[in-house]
$ cat model.txt   # compact mmCIF, N, CA and C atoms
# COMPACT_ATOMS: atom_id res chain seq x y z
N MET A 6 0.84 -1.17 0.00
CA MET A 6 0.00 0.00 0.00
C MET A 6 0.89 1.25 0.00
N CYS A 7 0.58 2.18 -0.85
CA CYS A 7 1.34 3.43 -0.95
C CYS A 7 0.73 4.45 0.01
N THR A 8 1.57 4.98 0.90
CA THR A 8 1.10 6.00 1.84
C THR A 8 1.80 7.34 1.62
N ALA A 9 2.76 7.40 0.71
CA ALA A 9 3.49 8.64 0.44
C ALA A 9 2.58 9.65 -0.24
N ASP A 10 2.80 10.90 0.07
CA ASP A 10 2.07 11.95 -0.62
C ASP A 10 3.05 12.80 -1.44
N GLU A 11 2.53 13.72 -2.20
CA GLU A 11 3.37 14.51 -3.11
C GLU A 11 4.44 15.30 -2.35
N LYS A 12 4.10 15.90 -1.22
CA LYS A 12 5.08 16.68 -0.45
C LYS A 12 6.21 15.79 0.05
N GLN A 13 5.87 14.62 0.59
CA GLN A 13 6.92 13.72 1.08
C GLN A 13 7.88 13.35 -0.04
N LEU A 14 7.34 12.97 -1.18
CA LEU A 14 8.20 12.58 -2.30
C LEU A 14 9.03 13.76 -2.81
N THR A 15 8.42 14.94 -2.86
CA THR A 15 9.15 16.12 -3.30
C THR A 15 10.32 16.40 -2.36
N ASP A 16 10.08 16.34 -1.06
CA ASP A 16 11.14 16.58 -0.09
C ASP A 16 12.26 15.55 -0.21
N GLU A 17 11.90 14.28 -0.32
CA GLU A 17 12.90 13.21 -0.37
C GLU A 17 13.70 13.19 -1.67
N LEU A 18 13.07 13.61 -2.77
CA LEU A 18 13.74 13.58 -4.06
C LEU A 18 14.40 14.91 -4.45
N PHE A 19 13.81 16.01 -4.02
CA PHE A 19 14.29 17.30 -4.52
C PHE A 19 14.60 18.30 -3.42
N GLY A 20 14.41 17.92 -2.16
CA GLY A 20 14.66 18.83 -1.05
C GLY A 20 16.14 18.98 -0.75
N ALA A 21 16.43 19.82 0.24
CA ALA A 21 17.81 20.10 0.62
C ALA A 21 18.55 18.85 1.09
N ASP A 22 17.85 17.92 1.71
CA ASP A 22 18.46 16.68 2.19
C ASP A 22 17.99 15.49 1.37
N ALA A 23 17.90 15.66 0.06
CA ALA A 23 17.41 14.60 -0.82
C ALA A 23 18.19 13.30 -0.60
N VAL A 24 17.47 12.20 -0.55
CA VAL A 24 18.10 10.90 -0.31
C VAL A 24 18.09 10.01 -1.55
N ALA A 25 17.44 10.48 -2.60
CA ALA A 25 17.34 9.69 -3.82
C ALA A 25 17.32 10.63 -5.02
N GLU A 26 17.42 10.04 -6.18
CA GLU A 26 17.37 10.79 -7.43
C GLU A 26 16.28 10.19 -8.30
N ALA A 27 15.82 10.97 -9.27
CA ALA A 27 14.77 10.48 -10.16
C ALA A 27 15.06 10.89 -11.60
N LEU A 28 14.71 10.01 -12.50
CA LEU A 28 14.69 10.32 -13.93
C LEU A 28 13.23 10.25 -14.37
N ILE A 29 12.83 11.16 -15.23
CA ILE A 29 11.46 11.19 -15.73
C ILE A 29 11.50 10.93 -17.22
N ALA A 30 10.69 9.97 -17.67
CA ALA A 30 10.53 9.72 -19.11
C ALA A 30 9.35 10.57 -19.60
N ARG A 31 9.52 11.18 -20.74
CA ARG A 31 8.47 12.04 -21.28
C ARG A 31 8.17 11.67 -22.72
N ASP A 32 6.94 11.90 -23.09
CA ASP A 32 6.49 11.84 -24.48
C ASP A 32 6.10 13.27 -24.81
N GLY A 33 7.01 14.00 -25.46
CA GLY A 33 6.82 15.44 -25.60
C GLY A 33 6.97 16.07 -24.23
N ASN A 34 5.97 16.80 -23.79
CA ASN A 34 6.00 17.40 -22.46
C ASN A 34 5.28 16.56 -21.42
N GLU A 35 4.70 15.44 -21.83
CA GLU A 35 3.90 14.62 -20.93
C GLU A 35 4.77 13.58 -20.21
N PRO A 36 4.77 13.59 -18.87
CA PRO A 36 5.51 12.55 -18.15
C PRO A 36 4.82 11.20 -18.32
N VAL A 37 5.61 10.19 -18.67
CA VAL A 37 5.03 8.86 -18.92
C VAL A 37 5.64 7.78 -18.05
N GLY A 38 6.73 8.08 -17.35
CA GLY A 38 7.36 7.08 -16.50
C GLY A 38 8.47 7.71 -15.67
N TYR A 39 8.99 6.90 -14.75
CA TYR A 39 10.07 7.39 -13.91
C TYR A 39 10.92 6.24 -13.40
N ALA A 40 12.11 6.59 -12.97
CA ALA A 40 13.02 5.67 -12.28
C ALA A 40 13.56 6.43 -11.07
N ILE A 41 13.47 5.82 -9.90
CA ILE A 41 13.97 6.41 -8.66
C ILE A 41 15.10 5.52 -8.15
N PHE A 42 16.23 6.13 -7.81
CA PHE A 42 17.40 5.35 -7.42
C PHE A 42 18.21 6.09 -6.37
N PHE A 43 19.09 5.35 -5.69
CA PHE A 43 19.97 5.94 -4.68
C PHE A 43 21.21 5.08 -4.54
N HIS A 44 22.23 5.66 -3.90
CA HIS A 44 23.47 4.92 -3.68
C HIS A 44 23.39 4.07 -2.42
N ASN A 45 24.07 2.95 -2.47
CA ASN A 45 24.29 2.10 -1.30
C ASN A 45 25.78 1.75 -1.28
N LEU A 46 26.16 0.87 -0.40
CA LEU A 46 27.58 0.51 -0.29
C LEU A 46 27.71 -1.00 -0.18
N SER A 47 28.60 -1.56 -0.95
CA SER A 47 28.93 -2.97 -0.83
C SER A 47 30.23 -3.10 -0.03
N THR A 48 30.12 -3.67 1.15
CA THR A 48 31.33 -3.92 1.93
C THR A 48 32.13 -5.06 1.31
N PHE A 49 31.48 -5.93 0.53
CA PHE A 49 32.18 -7.00 -0.17
C PHE A 49 33.11 -6.44 -1.24
N LEU A 50 32.62 -5.44 -1.96
CA LEU A 50 33.41 -4.84 -3.04
C LEU A 50 34.21 -3.64 -2.57
N GLY A 51 33.81 -3.05 -1.46
CA GLY A 51 34.45 -1.82 -1.01
C GLY A 51 34.16 -0.66 -1.92
N ARG A 52 32.99 -0.69 -2.54
CA ARG A 52 32.60 0.35 -3.49
C ARG A 52 31.11 0.64 -3.34
N ARG A 53 30.74 1.83 -3.74
CA ARG A 53 29.33 2.14 -3.72
C ARG A 53 28.63 1.46 -4.89
N GLY A 54 27.33 1.29 -4.72
CA GLY A 54 26.50 0.74 -5.76
C GLY A 54 25.34 1.67 -6.02
N LEU A 55 24.52 1.30 -6.98
CA LEU A 55 23.31 2.06 -7.27
C LEU A 55 22.14 1.11 -7.14
N TYR A 56 21.15 1.53 -6.36
CA TYR A 56 19.96 0.71 -6.13
C TYR A 56 18.77 1.39 -6.79
N LEU A 57 18.11 0.66 -7.65
CA LEU A 57 16.90 1.14 -8.32
C LEU A 57 15.71 0.83 -7.43
N GLU A 58 15.16 1.82 -6.81
CA GLU A 58 14.05 1.64 -5.89
C GLU A 58 12.74 1.39 -6.63
N ASP A 59 12.55 2.12 -7.71
CA ASP A 59 11.27 2.00 -8.42
C ASP A 59 11.45 2.41 -9.86
N ILE A 60 10.81 1.67 -10.73
CA ILE A 60 10.74 2.04 -12.15
C ILE A 60 9.30 1.82 -12.57
N TYR A 61 8.74 2.80 -13.25
CA TYR A 61 7.33 2.71 -13.62
C TYR A 61 7.11 3.42 -14.94
N VAL A 62 6.30 2.79 -15.78
CA VAL A 62 5.86 3.40 -17.04
C VAL A 62 4.34 3.26 -17.08
N ARG A 63 3.66 4.35 -17.37
CA ARG A 63 2.20 4.31 -17.45
C ARG A 63 1.79 3.24 -18.47
N PRO A 64 0.75 2.47 -18.15
CA PRO A 64 0.36 1.33 -19.00
C PRO A 64 0.21 1.66 -20.48
N GLU A 65 -0.37 2.80 -20.78
CA GLU A 65 -0.60 3.13 -22.20
C GLU A 65 0.69 3.47 -22.95
N PHE A 66 1.81 3.60 -22.23
CA PHE A 66 3.10 3.89 -22.86
C PHE A 66 4.07 2.71 -22.79
N ARG A 67 3.60 1.59 -22.30
CA ARG A 67 4.46 0.41 -22.22
C ARG A 67 4.65 -0.21 -23.60
N HIS A 68 5.71 -0.97 -23.76
CA HIS A 68 6.05 -1.64 -25.02
C HIS A 68 6.43 -0.64 -26.10
N ARG A 69 6.91 0.53 -25.68
CA ARG A 69 7.39 1.55 -26.62
C ARG A 69 8.86 1.89 -26.37
N GLY A 70 9.49 1.18 -25.41
CA GLY A 70 10.90 1.41 -25.14
C GLY A 70 11.19 2.34 -23.98
N CYS A 71 10.15 2.87 -23.32
CA CYS A 71 10.37 3.81 -22.20
C CYS A 71 11.06 3.14 -21.02
N GLY A 72 10.57 1.97 -20.61
CA GLY A 72 11.17 1.27 -19.48
C GLY A 72 12.60 0.88 -19.78
N ARG A 73 12.84 0.41 -20.98
CA ARG A 73 14.20 0.04 -21.40
C ARG A 73 15.11 1.25 -21.35
N ALA A 74 14.63 2.38 -21.86
CA ALA A 74 15.44 3.60 -21.87
C ALA A 74 15.73 4.07 -20.44
N LEU A 75 14.75 3.99 -19.56
CA LEU A 75 14.97 4.39 -18.16
C LEU A 75 16.02 3.49 -17.50
N LEU A 76 15.87 2.18 -17.68
CA LEU A 76 16.81 1.24 -17.06
C LEU A 76 18.23 1.46 -17.58
N ILE A 77 18.36 1.65 -18.87
CA ILE A 77 19.67 1.90 -19.47
C ILE A 77 20.25 3.22 -18.97
N ALA A 78 19.41 4.24 -18.82
CA ALA A 78 19.89 5.54 -18.33
C ALA A 78 20.43 5.42 -16.91
N VAL A 79 19.75 4.67 -16.05
CA VAL A 79 20.24 4.49 -14.68
C VAL A 79 21.53 3.65 -14.71
N ALA A 80 21.59 2.64 -15.56
CA ALA A 80 22.82 1.84 -15.69
C ALA A 80 23.99 2.72 -16.14
N ARG A 81 23.74 3.65 -17.02
CA ARG A 81 24.81 4.56 -17.46
C ARG A 81 25.30 5.42 -16.30
N ILE A 82 24.36 5.87 -15.47
CA ILE A 82 24.76 6.66 -14.29
C ILE A 82 25.63 5.80 -13.38
N ALA A 83 25.22 4.56 -13.14
CA ALA A 83 26.02 3.65 -12.30
C ALA A 83 27.40 3.46 -12.89
N HIS A 84 27.48 3.29 -14.19
CA HIS A 84 28.77 3.11 -14.86
C HIS A 84 29.63 4.36 -14.75
N GLU A 85 29.04 5.52 -15.03
CA GLU A 85 29.78 6.78 -14.97
C GLU A 85 30.30 7.06 -13.56
N ARG A 86 29.54 6.64 -12.55
CA ARG A 86 29.94 6.88 -11.16
C ARG A 86 30.80 5.74 -10.61
N LYS A 87 31.18 4.83 -11.49
CA LYS A 87 32.06 3.71 -11.14
C LYS A 87 31.50 2.84 -10.01
N CYS A 88 30.21 2.60 -10.07
CA CYS A 88 29.56 1.75 -9.07
C CYS A 88 29.95 0.29 -9.30
N GLY A 89 30.09 -0.44 -8.22
CA GLY A 89 30.43 -1.85 -8.32
C GLY A 89 29.22 -2.72 -8.62
N ARG A 90 28.03 -2.20 -8.32
CA ARG A 90 26.79 -2.95 -8.55
C ARG A 90 25.66 -2.00 -8.94
N PHE A 91 24.74 -2.54 -9.69
CA PHE A 91 23.47 -1.89 -10.00
C PHE A 91 22.41 -2.95 -9.71
N GLU A 92 21.58 -2.69 -8.71
CA GLU A 92 20.64 -3.71 -8.23
C GLU A 92 19.24 -3.16 -8.09
N TRP A 93 18.27 -4.08 -8.10
CA TRP A 93 16.88 -3.76 -7.82
C TRP A 93 16.16 -5.06 -7.52
N MET A 94 14.91 -4.94 -7.13
CA MET A 94 14.10 -6.12 -6.84
C MET A 94 12.88 -6.12 -7.74
N ALA A 95 12.33 -7.30 -7.90
CA ALA A 95 11.06 -7.46 -8.61
C ALA A 95 10.21 -8.45 -7.82
N LEU A 96 8.94 -8.20 -7.78
CA LEU A 96 8.03 -9.14 -7.11
C LEU A 96 8.02 -10.46 -7.86
N ASP A 97 8.02 -11.57 -7.12
CA ASP A 97 8.15 -12.88 -7.76
C ASP A 97 7.01 -13.21 -8.72
N TRP A 98 5.86 -12.59 -8.53
CA TRP A 98 4.72 -12.86 -9.42
C TRP A 98 4.76 -12.01 -10.69
N ASN A 99 5.66 -11.03 -10.74
CA ASN A 99 5.72 -10.13 -11.89
C ASN A 99 6.64 -10.71 -12.96
N THR A 100 6.19 -11.78 -13.57
CA THR A 100 7.03 -12.49 -14.54
C THR A 100 7.33 -11.66 -15.77
N ASN A 101 6.43 -10.76 -16.16
CA ASN A 101 6.72 -9.89 -17.30
C ASN A 101 7.93 -9.01 -17.02
N ALA A 102 7.97 -8.43 -15.82
CA ALA A 102 9.11 -7.58 -15.45
C ALA A 102 10.39 -8.41 -15.35
N ILE A 103 10.30 -9.57 -14.72
CA ILE A 103 11.48 -10.41 -14.56
C ILE A 103 12.03 -10.82 -15.92
N ASP A 104 11.17 -11.24 -16.83
CA ASP A 104 11.60 -11.60 -18.18
C ASP A 104 12.27 -10.40 -18.87
N PHE A 105 11.67 -9.23 -18.73
CA PHE A 105 12.20 -8.00 -19.31
C PHE A 105 13.61 -7.73 -18.78
N TYR A 106 13.78 -7.81 -17.46
CA TYR A 106 15.08 -7.54 -16.85
C TYR A 106 16.12 -8.58 -17.27
N GLU A 107 15.72 -9.84 -17.30
CA GLU A 107 16.67 -10.88 -17.68
C GLU A 107 17.11 -10.74 -19.14
N LYS A 108 16.22 -10.31 -20.01
CA LYS A 108 16.58 -10.09 -21.41
C LYS A 108 17.61 -8.97 -21.56
N LEU A 109 17.64 -8.07 -20.58
CA LEU A 109 18.61 -6.98 -20.60
C LEU A 109 19.89 -7.33 -19.85
N GLY A 110 19.99 -8.58 -19.35
CA GLY A 110 21.22 -9.04 -18.72
C GLY A 110 21.20 -9.17 -17.21
N ALA A 111 20.07 -8.87 -16.57
CA ALA A 111 19.99 -8.99 -15.11
C ALA A 111 19.92 -10.46 -14.71
N GLN A 112 20.44 -10.75 -13.52
CA GLN A 112 20.41 -12.11 -12.97
C GLN A 112 19.68 -12.09 -11.64
N GLN A 113 18.84 -13.10 -11.41
CA GLN A 113 18.18 -13.24 -10.12
C GLN A 113 19.15 -13.86 -9.13
N LEU A 114 19.11 -13.37 -7.90
CA LEU A 114 19.97 -13.90 -6.84
C LEU A 114 19.10 -14.73 -5.89
N ALA A 115 19.00 -16.00 -6.16
CA ALA A 115 18.11 -16.88 -5.40
C ALA A 115 18.55 -17.07 -3.95
N GLU A 116 19.83 -16.86 -3.67
CA GLU A 116 20.33 -17.12 -2.32
C GLU A 116 20.06 -15.97 -1.34
N TRP A 117 19.58 -14.82 -1.80
CA TRP A 117 19.30 -13.68 -0.94
C TRP A 117 17.81 -13.59 -0.64
N ARG A 118 17.48 -13.16 0.57
CA ARG A 118 16.09 -12.95 0.97
C ARG A 118 15.95 -11.54 1.54
N LEU A 119 14.92 -10.86 1.15
CA LEU A 119 14.63 -9.53 1.66
C LEU A 119 14.04 -9.63 3.06
N LEU A 120 14.57 -8.87 3.98
CA LEU A 120 14.06 -8.79 5.34
C LEU A 120 13.64 -7.35 5.58
N ARG A 121 12.54 -7.16 6.34
CA ARG A 121 12.01 -5.81 6.48
C ARG A 121 11.40 -5.62 7.86
N VAL A 122 11.56 -4.44 8.40
CA VAL A 122 10.88 -4.00 9.62
C VAL A 122 10.21 -2.68 9.26
N THR A 123 8.92 -2.53 9.56
CA THR A 123 8.19 -1.32 9.19
C THR A 123 7.36 -0.79 10.35
N GLY A 124 6.92 0.45 10.19
CA GLY A 124 5.97 1.05 11.11
C GLY A 124 6.38 0.96 12.57
N ASP A 125 5.42 0.57 13.41
CA ASP A 125 5.66 0.47 14.85
C ASP A 125 6.75 -0.54 15.19
N ALA A 126 6.96 -1.53 14.33
CA ALA A 126 7.98 -2.55 14.59
C ALA A 126 9.38 -1.94 14.60
N ILE A 127 9.59 -0.84 13.88
CA ILE A 127 10.90 -0.18 13.92
C ILE A 127 11.16 0.36 15.32
N GLY A 128 10.17 1.03 15.88
CA GLY A 128 10.31 1.56 17.23
C GLY A 128 10.49 0.45 18.25
N LYS A 129 9.75 -0.63 18.09
CA LYS A 129 9.86 -1.76 19.00
C LYS A 129 11.27 -2.34 18.95
N LEU A 130 11.82 -2.51 17.77
CA LEU A 130 13.18 -3.01 17.62
C LEU A 130 14.19 -2.03 18.21
N ALA A 131 13.97 -0.74 18.00
CA ALA A 131 14.89 0.28 18.50
C ALA A 131 14.92 0.31 20.03
N ARG A 132 13.84 -0.09 20.66
CA ARG A 132 13.76 -0.06 22.13
C ARG A 132 14.31 -1.31 22.79
N LEU A 133 14.67 -2.32 22.00
CA LEU A 133 15.22 -3.55 22.59
C LEU A 133 16.55 -3.26 23.27
N THR A 134 16.79 -3.98 24.35
CA THR A 134 18.08 -3.83 25.05
C THR A 134 18.79 -5.16 25.09
$ encode --input "model.txt" --output "structure tokens"
Amino acid sequence: MCTADEKQLTDELFGADAVAEALIARDGNEPVGYAIFFHNLSTFLGRRGLYLEDIYVRPEFRHRGCGRALLIAVARIAHERKCGRFEWMALDWNTNAIDFYEKLGAQQLAEWRLLRVTGDAIGKLARLT
């Protein structure tokens, strides 16, 4: 469920303490998609990486190369910044996306599992002694 609002996203992406970057795909002046990404660090490589948090293309603009162009643009940024990794996740049921990513050279890492703490559970974990 998405709970972010426009102000929150504007602050996080474009504010003084921005924590992520965004690319916008356009058809003329009309925004049709976006990619949101940020840096992380691999202690294994001793180098920063680039993590793709979200990539989205409006349904009526899919299969026109927008998603491919966005993904390639973020990969170019990772390459230019000498990142050791460019990573993202896909939901296991989203086979269209997974097929798309694999055709572009991405590999699934079956040995890794995503772990998450959210909402009140963050505070509960923070209070443990």
$ atom_distance --input "model.txt" --atom1 "atom C of A:Tyr61" --atom2 "atom C of A:Arg121"
24.9 Å
$ atom_distance --input "model.txt" --atom1 "atom CA of A:Cys7" --atom2 "atom CA of A:Asp59"
12.5 Å
$ select_by_dssp --input "model.txt" --residues "stretch 49-131 of chain A" --states "helix (DSSP H, G or I)" --output "PyMOL selection string"
chain A and resi 64-66+71-85+100-108+125-131
$ closest_residue --input "model.txt" --among "A:Tyr56, A:Arg132, A:Leu28, A:Gly72" --to "A:Gly89" --atoms "only C-alpha atoms"
A:Tyr56
$ select_by_dssp --input "model.txt" --residues "stretch 51-101 of chain A" --states "strand (DSSP E)" --output "list of chain:residue names"
A:Arg52, A:Arg53, A:Gly54, A:Leu55, A:Tyr56, A:Leu57, A:Glu58, A:Asp59, A:Ile60, A:Tyr61, A:Val62, A:Phe91, A:Glu92, A:Trp93
$ closest_residue --input "model.txt" --among "A:Ala131, A:Ala102, A:Ala21, A:Ala27" --to "A:Leu75" --atoms "only C-alpha atoms"
A:Ala27
$ atom_distance --input "model.txt" --atom1 "atom CA of A:Val122" --atom2 "atom CA of A:Met6"
15.1 Å
